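Visitor: Sharing model.cif, mmCIF, C-alpha atoms:
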data_entry
#
loop_
_atom_site.group_PDB
_atom_site.id
_atom_site.type_symbol
_atom_site.label_atom_id
_atom_site.label_comp_id
_atom_site.auth_asym_id
_atom_site.auth_seq_id
_atom_site.Cartn_x
_atom_site.Cartn_y
_atom_site.Cartn_z
ATOM 1 C CA MET M 1 153.443 107.026 104.630
ATOM 2 C CA VAL M 2 152.801 105.064 101.423
ATOM 3 C CA GLU M 3 155.263 105.555 98.616
ATOM 4 C CA THR M 4 154.116 105.237 95.025
ATOM 5 C CA GLY M 5 156.128 104.413 91.968
ATOM 6 C CA SER M 6 156.245 102.322 88.851
ATOM 7 C CA ALA M 7 155.916 98.559 89.082
ATOM 8 C CA ASP M 8 157.940 96.122 87.033
ATOM 9 C CA SER M 9 155.098 94.215 85.387
ATOM 10 C CA PRO M 10 151.306 94.147 84.960
ATOM 11 C CA GLU M 11 151.202 91.270 87.436
ATOM 12 C CA GLU M 12 152.973 93.381 90.052
ATOM 13 C CA VAL M 13 150.645 96.295 89.380
ATOM 14 C CA ALA M 14 147.645 94.027 89.938
ATOM 15 C CA ALA M 15 149.118 92.558 93.111
ATOM 16 C CA LEU M 16 149.952 95.952 94.621
ATOM 17 C CA THR M 17 146.553 97.361 93.705
ATOM 18 C CA ALA M 18 144.796 94.361 95.249
ATOM 19 C CA VAL M 19 146.709 94.880 98.486
ATOM 20 C CA ALA M 20 145.661 98.537 98.521
ATOM 21 C CA VAL M 21 142.011 97.590 97.958
ATOM 22 C CA GLU M 22 142.205 95.006 100.724
ATOM 23 C CA ARG M 23 143.668 97.539 103.173
ATOM 24 C CA HIS M 24 141.010 100.074 102.236
ATOM 25 C CA CYS M 25 138.260 97.561 102.942
ATOM 26 C CA ALA M 26 139.858 96.471 106.217
ATOM 27 C CA ALA M 27 140.024 100.101 107.342
ATOM 28 C CA ALA M 28 136.351 100.602 106.458
ATOM 29 C CA ILE M 29 135.409 97.465 108.419
ATOM 30 C CA ASP M 30 137.381 98.639 111.449
ATOM 31 C CA ALA M 31 135.771 102.081 111.361
ATOM 32 C CA ALA M 32 132.160 101.321 110.429
ATOM 33 C CA GLY M 33 131.851 97.668 111.436
ATOM 34 C CA PRO M 34 130.629 98.252 115.002
ATOM 35 C CA SER M 35 127.493 99.933 113.598
ATOM 36 C CA CYS M 36 126.820 97.310 110.915
ATOM 37 C CA VAL M 37 125.433 93.800 110.639
ATOM 38 C CA ALA M 38 127.044 92.970 107.290
ATOM 39 C CA VAL M 39 129.483 94.061 104.628
ATOM 40 C CA LYS M 40 128.500 94.025 100.967
ATOM 41 C CA PRO M 41 131.595 93.685 98.761
ATOM 42 C CA GLN M 42 130.932 94.553 95.128
ATOM 43 C CA LEU M 43 132.509 91.596 93.327
ATOM 44 C CA ALA M 44 133.288 93.554 90.156
ATOM 45 C CA CYS M 45 135.679 95.793 92.077
ATOM 46 C CA PHE M 46 137.750 92.744 92.989
ATOM 47 C CA GLU M 47 137.326 90.691 89.821
ATOM 48 C CA ARG M 48 138.700 93.473 87.631
ATOM 49 C CA LEU M 49 142.070 92.949 89.331
ATOM 50 C CA GLY M 50 142.297 89.320 88.250
ATOM 51 C CA ALA M 51 143.569 86.589 90.550
ATOM 52 C CA PRO M 52 145.060 89.031 93.107
ATOM 53 C CA GLY M 53 141.663 90.678 93.356
ATOM 54 C CA TRP M 54 139.934 87.399 94.209
ATOM 55 C CA SER M 55 142.577 86.767 96.896
ATOM 56 C CA ALA M 56 141.933 90.231 98.292
ATOM 57 C CA LEU M 57 138.201 89.490 98.352
ATOM 58 C CA ALA M 58 138.794 86.288 100.305
ATOM 59 C CA ASN M 59 140.854 88.255 102.832
ATOM 60 C CA VAL M 60 138.153 90.915 103.148
ATOM 61 C CA VAL M 61 135.590 88.190 103.808
ATOM 62 C CA ALA M 62 137.856 86.789 106.530
ATOM 63 C CA ALA M 63 138.311 90.247 108.053
ATOM 64 C CA ALA M 64 134.546 90.778 108.185
ATOM 65 C CA ARG M 65 133.987 87.385 109.771
ATOM 66 C CA ALA M 66 136.683 88.063 112.352
ATOM 67 C CA VAL M 67 134.625 90.940 113.768
ATOM 68 C CA GLY M 68 131.298 89.122 113.574
ATOM 69 C CA LEU M 69 129.875 90.649 110.398
ATOM 70 C CA LEU M 70 127.863 88.825 107.761
ATOM 71 C CA VAL M 71 129.085 88.925 104.161
ATOM 72 C CA LEU M 72 126.701 89.738 101.326
ATOM 73 C CA ALA M 73 128.387 89.175 97.949
ATOM 74 C CA ASP M 74 127.018 91.696 95.466
ATOM 75 C CA GLY M 75 127.486 90.147 92.036
ATOM 76 C CA LYS M 76 123.937 90.101 90.622
ATOM 77 C CA ARG M 77 124.540 86.681 89.097
ATOM 78 C CA GLY M 78 122.063 85.227 86.632
ATOM 79 C CA ASP M 79 122.384 82.652 83.861
ATOM 80 C CA VAL M 80 120.948 79.423 82.471
ATOM 81 C CA PRO M 81 120.494 76.741 85.155
ATOM 82 C CA VAL M 82 123.739 74.827 84.595
ATOM 83 C CA THR M 83 125.790 78.029 84.823
ATOM 84 C CA ALA M 84 123.714 79.355 87.710
ATOM 85 C CA ALA M 85 124.671 76.197 89.609
ATOM 86 C CA ALA M 86 128.346 77.009 89.009
ATOM 87 C CA TYR M 87 127.828 80.546 90.300
ATOM 88 C CA ALA M 88 126.192 79.081 93.396
ATOM 89 C CA GLN M 89 129.193 76.812 93.985
ATOM 90 C CA ALA M 90 131.510 79.819 93.710
ATOM 91 C CA LEU M 91 129.509 81.970 96.121
ATOM 92 C CA VAL M 92 128.114 79.701 98.820
ATOM 93 C CA GLY M 93 129.128 76.141 97.984
ATOM 94 C CA GLU M 94 132.066 74.107 96.803
ATOM 95 C CA THR M 95 133.221 72.426 93.618
ATOM 96 C CA PRO M 96 134.174 68.741 93.616
ATOM 97 C CA GLY M 97 136.995 67.720 91.323
ATOM 98 C CA PRO M 98 139.464 64.913 90.630
ATOM 99 C CA PHE M 99 141.996 66.438 93.046
ATOM 100 C CA GLY M 100 139.572 67.202 95.850
ATOM 101 C CA THR M 101 136.962 69.791 96.688
ATOM 102 C CA VAL M 102 137.492 73.471 95.955
ATOM 103 C CA PRO M 103 135.728 75.719 98.495
ATOM 104 C CA GLY M 104 133.798 78.746 97.294
ATOM 105 C CA LEU M 105 133.738 82.220 98.759
ATOM 106 C CA GLY M 106 131.500 81.196 101.646
ATOM 107 C CA ALA M 107 129.244 84.246 101.521
ATOM 108 C CA ASP M 108 126.287 84.512 103.873
ATOM 109 C CA ALA M 109 124.123 85.910 101.068
ATOM 110 C CA PHE M 110 124.395 87.145 97.494
ATOM 111 C CA THR M 111 122.466 89.125 94.915
ATOM 112 C CA ALA M 112 121.012 87.564 91.766
ATOM 113 C CA ASN M 113 119.339 88.708 88.555
ATOM 114 C CA PRO M 114 115.910 87.063 88.029
ATOM 115 C CA LEU M 115 115.386 88.055 84.391
ATOM 116 C CA LEU M 116 116.186 84.594 83.036
ATOM 117 C CA GLY M 117 113.219 83.163 84.924
ATOM 118 C CA ARG M 118 112.497 80.702 87.695
ATOM 119 C CA ASP M 119 114.593 77.831 86.369
ATOM 120 C CA SER M 120 117.697 80.030 86.455
ATOM 121 C CA LEU M 121 116.995 80.965 90.078
ATOM 122 C CA GLU M 122 116.300 77.528 91.483
ATOM 123 C CA PRO M 123 119.973 76.387 91.596
ATOM 124 C CA LEU M 124 120.959 79.625 93.334
ATOM 125 C CA ILE M 125 118.162 79.500 95.896
ATOM 126 C CA SER M 126 118.655 75.786 96.522
ATOM 127 C CA ALA M 127 122.390 76.192 97.085
ATOM 128 C CA ALA M 128 121.813 79.149 99.385
ATOM 129 C CA ALA M 129 119.298 77.173 101.430
ATOM 130 C CA SER M 130 121.688 74.211 101.717
ATOM 131 C CA ALA M 131 124.418 76.523 102.973
ATOM 132 C CA GLY M 132 122.148 78.392 105.387
ATOM 133 C CA ALA M 133 122.630 81.501 103.254
ATOM 134 C CA GLY M 134 120.354 84.054 101.622
ATOM 135 C CA CYS M 135 119.632 85.116 98.059
ATOM 136 C CA PHE M 136 118.482 88.639 97.172
ATOM 137 C CA LEU M 137 116.748 88.951 93.788
ATOM 138 C CA LEU M 138 116.658 92.227 91.887
ATOM 139 C CA VAL M 139 113.152 93.663 91.929
ATOM 140 C CA ARG M 140 113.436 97.438 91.582
ATOM 141 C CA THR M 141 116.991 98.759 91.481
ATOM 142 C CA SER M 142 118.169 102.190 92.617
ATOM 143 C CA ASN M 143 119.674 103.516 89.366
ATOM 144 C CA PRO M 144 117.708 106.150 87.382
ATOM 145 C CA GLY M 145 117.647 104.009 84.237
ATOM 146 C CA ALA M 146 115.738 101.257 86.031
ATOM 147 C CA ALA M 147 112.483 103.000 85.169
ATOM 148 C CA GLU M 148 113.008 102.295 81.451
ATOM 149 C CA VAL M 149 112.491 98.576 82.024
ATOM 150 C CA GLN M 150 111.395 97.816 85.567
ATOM 151 C CA ASP M 151 108.496 100.282 85.713
ATOM 152 C CA THR M 152 106.958 99.345 82.338
ATOM 153 C CA GLY M 153 104.043 97.050 81.560
ATOM 154 C CA THR M 154 100.743 96.286 83.264
ATOM 155 C CA PRO M 155 101.394 95.331 85.975
ATOM 156 C CA PRO M 156 104.885 96.847 85.927
ATOM 157 C CA LEU M 157 107.817 94.487 85.707
ATOM 158 C CA HIS M 158 108.928 95.194 89.261
ATOM 159 C CA GLU M 159 105.576 93.887 90.538
ATOM 160 C CA ARG M 160 105.882 90.728 88.465
ATOM 161 C CA LEU M 161 109.396 90.184 89.811
ATOM 162 C CA ALA M 162 108.085 90.749 93.329
ATOM 163 C CA SER M 163 105.530 87.994 92.795
ATOM 164 C CA ILE M 164 108.317 85.617 91.770
ATOM 165 C CA VAL M 165 110.290 86.486 94.897
ATOM 166 C CA ASP M 166 107.251 85.782 97.050
ATOM 167 C CA GLU M 167 106.431 82.496 95.333
ATOM 168 C CA LEU M 168 109.989 81.161 95.485
ATOM 169 C CA GLY M 169 110.541 82.397 99.012
ATOM 170 C CA ARG M 170 107.483 80.985 100.736
ATOM 171 C CA SER M 171 109.095 77.562 101.183
ATOM 172 C CA HIS M 172 112.115 79.184 102.838
ATOM 173 C CA VAL M 173 110.366 81.148 105.600
ATOM 174 C CA GLY M 174 111.919 80.777 109.041
ATOM 175 C CA SER M 175 110.539 81.097 112.551
ATOM 176 C CA SER M 176 110.842 84.890 112.361
ATOM 177 C CA GLY M 177 108.369 84.968 109.481
ATOM 178 C CA LEU M 178 111.109 86.142 107.116
ATOM 179 C CA SER M 179 112.372 84.245 104.100
ATOM 180 C CA SER M 180 115.947 83.557 103.007
ATOM 181 C CA VAL M 181 114.831 84.729 99.546
ATOM 182 C CA GLY M 182 114.979 88.506 99.681
ATOM 183 C CA ALA M 183 114.555 91.412 97.297
ATOM 184 C CA VAL M 184 116.758 94.277 96.150
ATOM 185 C CA VAL M 185 114.536 97.366 96.300
ATOM 186 C CA GLY M 186 116.064 100.772 95.725
ATOM 187 C CA ALA M 187 115.780 103.371 98.459
ATOM 188 C CA THR M 188 115.520 105.958 95.692
ATOM 189 C CA ARG M 189 111.853 105.018 95.097
ATOM 190 C CA PRO M 190 110.266 105.004 98.554
ATOM 191 C CA ASP M 191 106.856 105.553 96.943
ATOM 192 C CA LEU M 192 106.952 101.928 95.759
ATOM 193 C CA LEU M 193 107.825 100.380 99.107
ATOM 194 C CA ALA M 194 104.342 99.918 100.532
ATOM 195 C CA ARG M 195 103.067 98.145 97.411
ATOM 196 C CA LEU M 196 106.171 95.961 97.142
ATOM 197 C CA ARG M 197 105.928 95.079 100.819
ATOM 198 C CA ASP M 198 102.324 93.957 100.263
ATOM 199 C CA LEU M 199 103.518 91.724 97.425
ATOM 200 C CA MET M 200 106.477 90.335 99.401
ATOM 201 C CA PRO M 201 105.416 90.072 103.054
ATOM 202 C CA HIS M 202 108.142 87.563 103.961
ATOM 203 C CA ALA M 203 111.097 88.934 101.994
ATOM 204 C CA ILE M 204 113.960 90.838 103.552
ATOM 205 C CA PHE M 205 114.482 94.015 101.543
ATOM 206 C CA LEU M 206 118.003 95.028 100.604
ATOM 207 C CA LEU M 207 117.795 98.808 100.218
ATOM 208 C CA PRO M 208 120.608 100.398 98.190
ATOM 209 C CA GLY M 209 120.651 104.049 97.229
ATOM 210 C CA VAL M 210 120.861 105.810 100.588
ATOM 211 C CA GLY M 211 123.276 108.717 100.694
ATOM 212 C CA ALA M 212 125.185 109.332 97.471
ATOM 213 C CA GLN M 213 122.225 108.281 95.285
ATOM 214 C CA GLY M 214 119.783 110.502 97.132
ATOM 215 C CA GLY M 215 117.773 108.011 99.181
ATOM 216 C CA THR M 216 116.972 108.750 102.828
ATOM 217 C CA VAL M 217 116.474 106.277 105.642
ATOM 218 C CA GLU M 218 113.573 108.283 107.069
ATOM 219 C CA SER M 219 111.446 107.432 104.005
ATOM 220 C CA LEU M 220 111.945 103.663 104.284
ATOM 221 C CA ALA M 221 109.672 102.745 107.191
ATOM 222 C CA ALA M 222 107.310 100.669 105.024
ATOM 223 C CA ALA M 223 110.129 98.230 104.270
ATOM 224 C CA PHE M 224 110.359 97.277 107.965
ATOM 225 C CA ALA M 225 106.649 96.630 108.423
ATOM 226 C CA PRO M 226 106.764 92.847 109.052
ATOM 227 C CA HIS M 227 109.767 92.804 111.413
ATOM 228 C CA PRO M 228 112.610 95.064 112.624
ATOM 229 C CA ALA M 229 114.999 92.832 110.652
ATOM 230 C CA ALA M 230 112.898 92.919 107.483
ATOM 231 C CA ALA M 231 115.196 95.372 105.723
ATOM 232 C CA LEU M 232 118.907 96.023 105.334
ATOM 233 C CA VAL M 233 119.938 99.571 104.508
ATOM 234 C CA THR M 234 123.120 99.675 102.450
ATOM 235 C CA ALA M 235 125.521 102.562 102.047
ATOM 236 C CA SER M 236 129.083 102.822 100.821
ATOM 237 C CA ARG M 237 130.213 106.190 99.483
ATOM 238 C CA SER M 238 128.297 108.124 102.120
ATOM 239 C CA ILE M 239 130.313 106.269 104.769
ATOM 240 C CA VAL M 240 133.792 105.769 103.319
ATOM 241 C CA ASN M 241 133.820 109.297 101.860
ATOM 242 C CA ALA M 242 132.170 110.946 104.850
ATOM 243 C CA TRP M 243 135.390 112.786 105.677
ATOM 244 C CA SER M 244 135.047 114.867 102.489
ATOM 245 C CA GLU M 245 131.946 116.565 103.952
ATOM 246 C CA ARG M 246 132.621 116.313 107.670
ATOM 247 C CA GLY M 247 136.350 116.909 107.674
ATOM 248 C CA GLY M 248 138.752 115.325 110.143
ATOM 249 C CA GLU M 249 140.185 111.832 110.072
ATOM 250 C CA PRO M 250 138.547 109.552 107.473
ATOM 251 C CA ALA M 251 138.128 106.679 109.940
ATOM 252 C CA VAL M 252 136.452 108.863 112.557
ATOM 253 C CA ALA M 253 134.133 110.415 109.966
ATOM 254 C CA ALA M 254 133.191 106.972 108.644
ATOM 255 C CA ALA M 255 132.461 105.688 112.139
ATOM 256 C CA TYR M 256 130.148 108.633 112.886
ATOM 257 C CA ALA M 257 128.375 108.297 109.527
ATOM 258 C CA ALA M 258 127.766 104.592 110.069
ATOM 259 C CA SER M 259 126.516 105.160 113.600
ATOM 260 C CA GLU M 260 124.081 107.836 112.431
ATOM 261 C CA LEU M 261 122.791 105.553 109.676
ATOM 262 C CA ARG M 262 122.284 102.713 112.155
ATOM 263 C CA ASP M 263 120.286 104.947 114.477
ATOM 264 C CA ALA M 264 118.161 106.250 111.603
ATOM 265 C CA ALA M 265 117.440 102.710 110.385
ATOM 266 C CA TRP M 266 116.407 101.638 113.874
ATOM 267 C CA SER M 267 114.089 104.643 114.147
ATOM 268 C CA ALA M 268 112.519 103.748 110.784
ATOM 269 C CA SER M 269 111.919 100.191 111.941
ATOM 270 C CA GLN M 270 110.236 101.448 115.117
ATOM 271 C CA VAL M 271 107.977 103.765 113.102
ATOM 272 C CA ALA M 272 106.914 100.749 111.051
ATOM 273 C CA SER M 273 106.218 98.624 114.131
ATOM 274 C CA ARG M 274 104.007 101.331 115.633
ATOM 275 C CA ALA M 275 102.065 101.598 112.374
ATOM 276 C CA VAL M 276 101.232 97.880 112.269
#
For this file, write the structure as structure tokens.

Guide:
Amino acid sequence: MVETGSADSPEEVAALTAVAVERHCAAAIDAAGPSCVAVKPQLACFERLGAPGWSALANVVAAARAVGLLVLADGKRGDVPVTAAAYAQALVGETPGPFGTVPGLGADAFTANPLLGRDSLEPLISAAASAGAGCFLLVRTSNPGAAEVQDTGTPPLHERLASIVDELGRSHVGSSGLSSVGAVVGATRPDLLARLRDLMPHAIFLLPGVGAQGGTVESLAAAFAPHPAAALVTASRSIVNAWSERGGEPAVAAAYAASELRDAAWSASQVASRAV
């Protein structure tokens, strides 16, 4: 049983909250991890807690690594080149200083915002490549408001962003035929997947929006067309809150939800392979 009460200071409140967040994430990893290939911590949820939150994030990363999961840091970073380089050091690199080298988070991949242009992306992609990591650029996000910007123009902005992903990623294609420069493509617009896959044949698609946002895995087959590993389906609320619909123990409900999602994603990838 966890007892709640008032803390003595804002610092103590932050520390206790960070511990609770860390335990929540560890429980989710234990329950759903066997059905997953990666965890995708949303950096804002940790950063809002200050220094204790960053410590909790580091511990969550360690917990994921301990059970063999990749870590995809979801921060959607994007800035002018000199600042982008600093973001890259924080996420996948290290920072040299007069007292020694400060290690970064050590993520296996991260998300980035491409709207500042190619020069803002080059430090991020270069750092990721040096670290053997990946970089997922926003192309067509899963939120309803994305249409206001990303679907406008001729060709629409999401197609122009897709072309940038393809151009920057072609020099980072591995033996599998897939690039370490991927694309965030919302599962809430499956009607766009075939066209975006044509524009980005080597990119791994990161597909948010399944579950709570209304996306379904069964509609995502086009994303897997080049390779069974050509897409990563992401879900959070539909797994960690599965108990609210299924009943029973939260951990058991989360484990079943993750297992069902894994099986559905594998079926979608097989549909794509048969169609090629």

Visitor: Which of these residues is nearest to M:Leu168, using all atoms listed in the file: M:Gly75, M:Gly53, M:Gly132, M:Gly117?

Guide: M:Gly117

Visitor: Can you work out which one of M:Ala18, M:Ala44, M:Val165, M:Leu115 has the shortest atom-to-atom distance to M:Val149, counting all atoms listed in the file?

Guide: M:Leu115

Visitor: The PyMOL selection byres ((chain M and resi 232) around 7) - which residues does that actually catch in the file I just gave you? List them as JSON, numbers by chain.

Guide: {"M": [205, 206, 207, 231, 233, 234]}

Visitor: When you look at M:Val92 with a cut-off of 12 Å (counting all atoms listed in the file), what residues show up, excluding the ones that are within fewer than 6 positions of it in the same chain? I need them as a CSV table (one decimal) with C-alpha atoms, in the frame of the given file.

Guide:
chain,number,residue,atom,x,y,z
M,71,VAL,CA,129.1,88.9,104.2
M,72,LEU,CA,126.7,89.7,101.3
M,73,ALA,CA,128.4,89.2,97.9
M,84,ALA,CA,123.7,79.4,87.7
M,85,ALA,CA,124.7,76.2,89.6
M,86,ALA,CA,128.3,77.0,89.0
M,102,VAL,CA,137.5,73.5,96.0
M,103,PRO,CA,135.7,75.7,98.5
M,104,GLY,CA,133.8,78.7,97.3
M,105,LEU,CA,133.7,82.2,98.8
M,106,GLY,CA,131.5,81.2,101.6
M,107,ALA,CA,129.2,84.2,101.5
M,108,ASP,CA,126.3,84.5,103.9
M,109,ALA,CA,124.1,85.9,101.1
M,110,PHE,CA,124.4,87.1,97.5
M,111,THR,CA,122.5,89.1,94.9
M,123,PRO,CA,120.0,76.4,91.6
M,124,LEU,CA,121.0,79.6,93.3
M,125,ILE,CA,118.2,79.5,95.9
M,126,SER,CA,118.7,75.8,96.5
M,127,ALA,CA,122.4,76.2,97.1
M,128,ALA,CA,121.8,79.1,99.4
M,129,ALA,CA,119.3,77.2,101.4
M,130,SER,CA,121.7,74.2,101.7
M,131,ALA,CA,124.4,76.5,103.0
M,132,GLY,CA,122.1,78.4,105.4
M,133,ALA,CA,122.6,81.5,103.3
M,134,GLY,CA,120.4,84.1,101.6
M,135,CYS,CA,119.6,85.1,98.1

Visitor: So what do you get for atom CA of M:Leu261 versus atom CA of M:Gly145, distance-wise?

Guide: 26.0 Å

Visitor: Applied to this file, what does the PyMOL selection byres ((chain M and resi 183-189) around 9) return in terms of residues, put as a ChimeraX atom specification?

Guide: /M:111,135-144,162,165,181-182,190-193,196,200,203-210,213-217,219-220,233

Visitor: Expressed in Å to a single decimal, how great is the separation between atom CA of M:Ala221 and atom CA of M:Asp166?

Guide: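 Atom CA of M:Asp166 lies at a distance of 19.9 Å from atom CA of M:Ala221.
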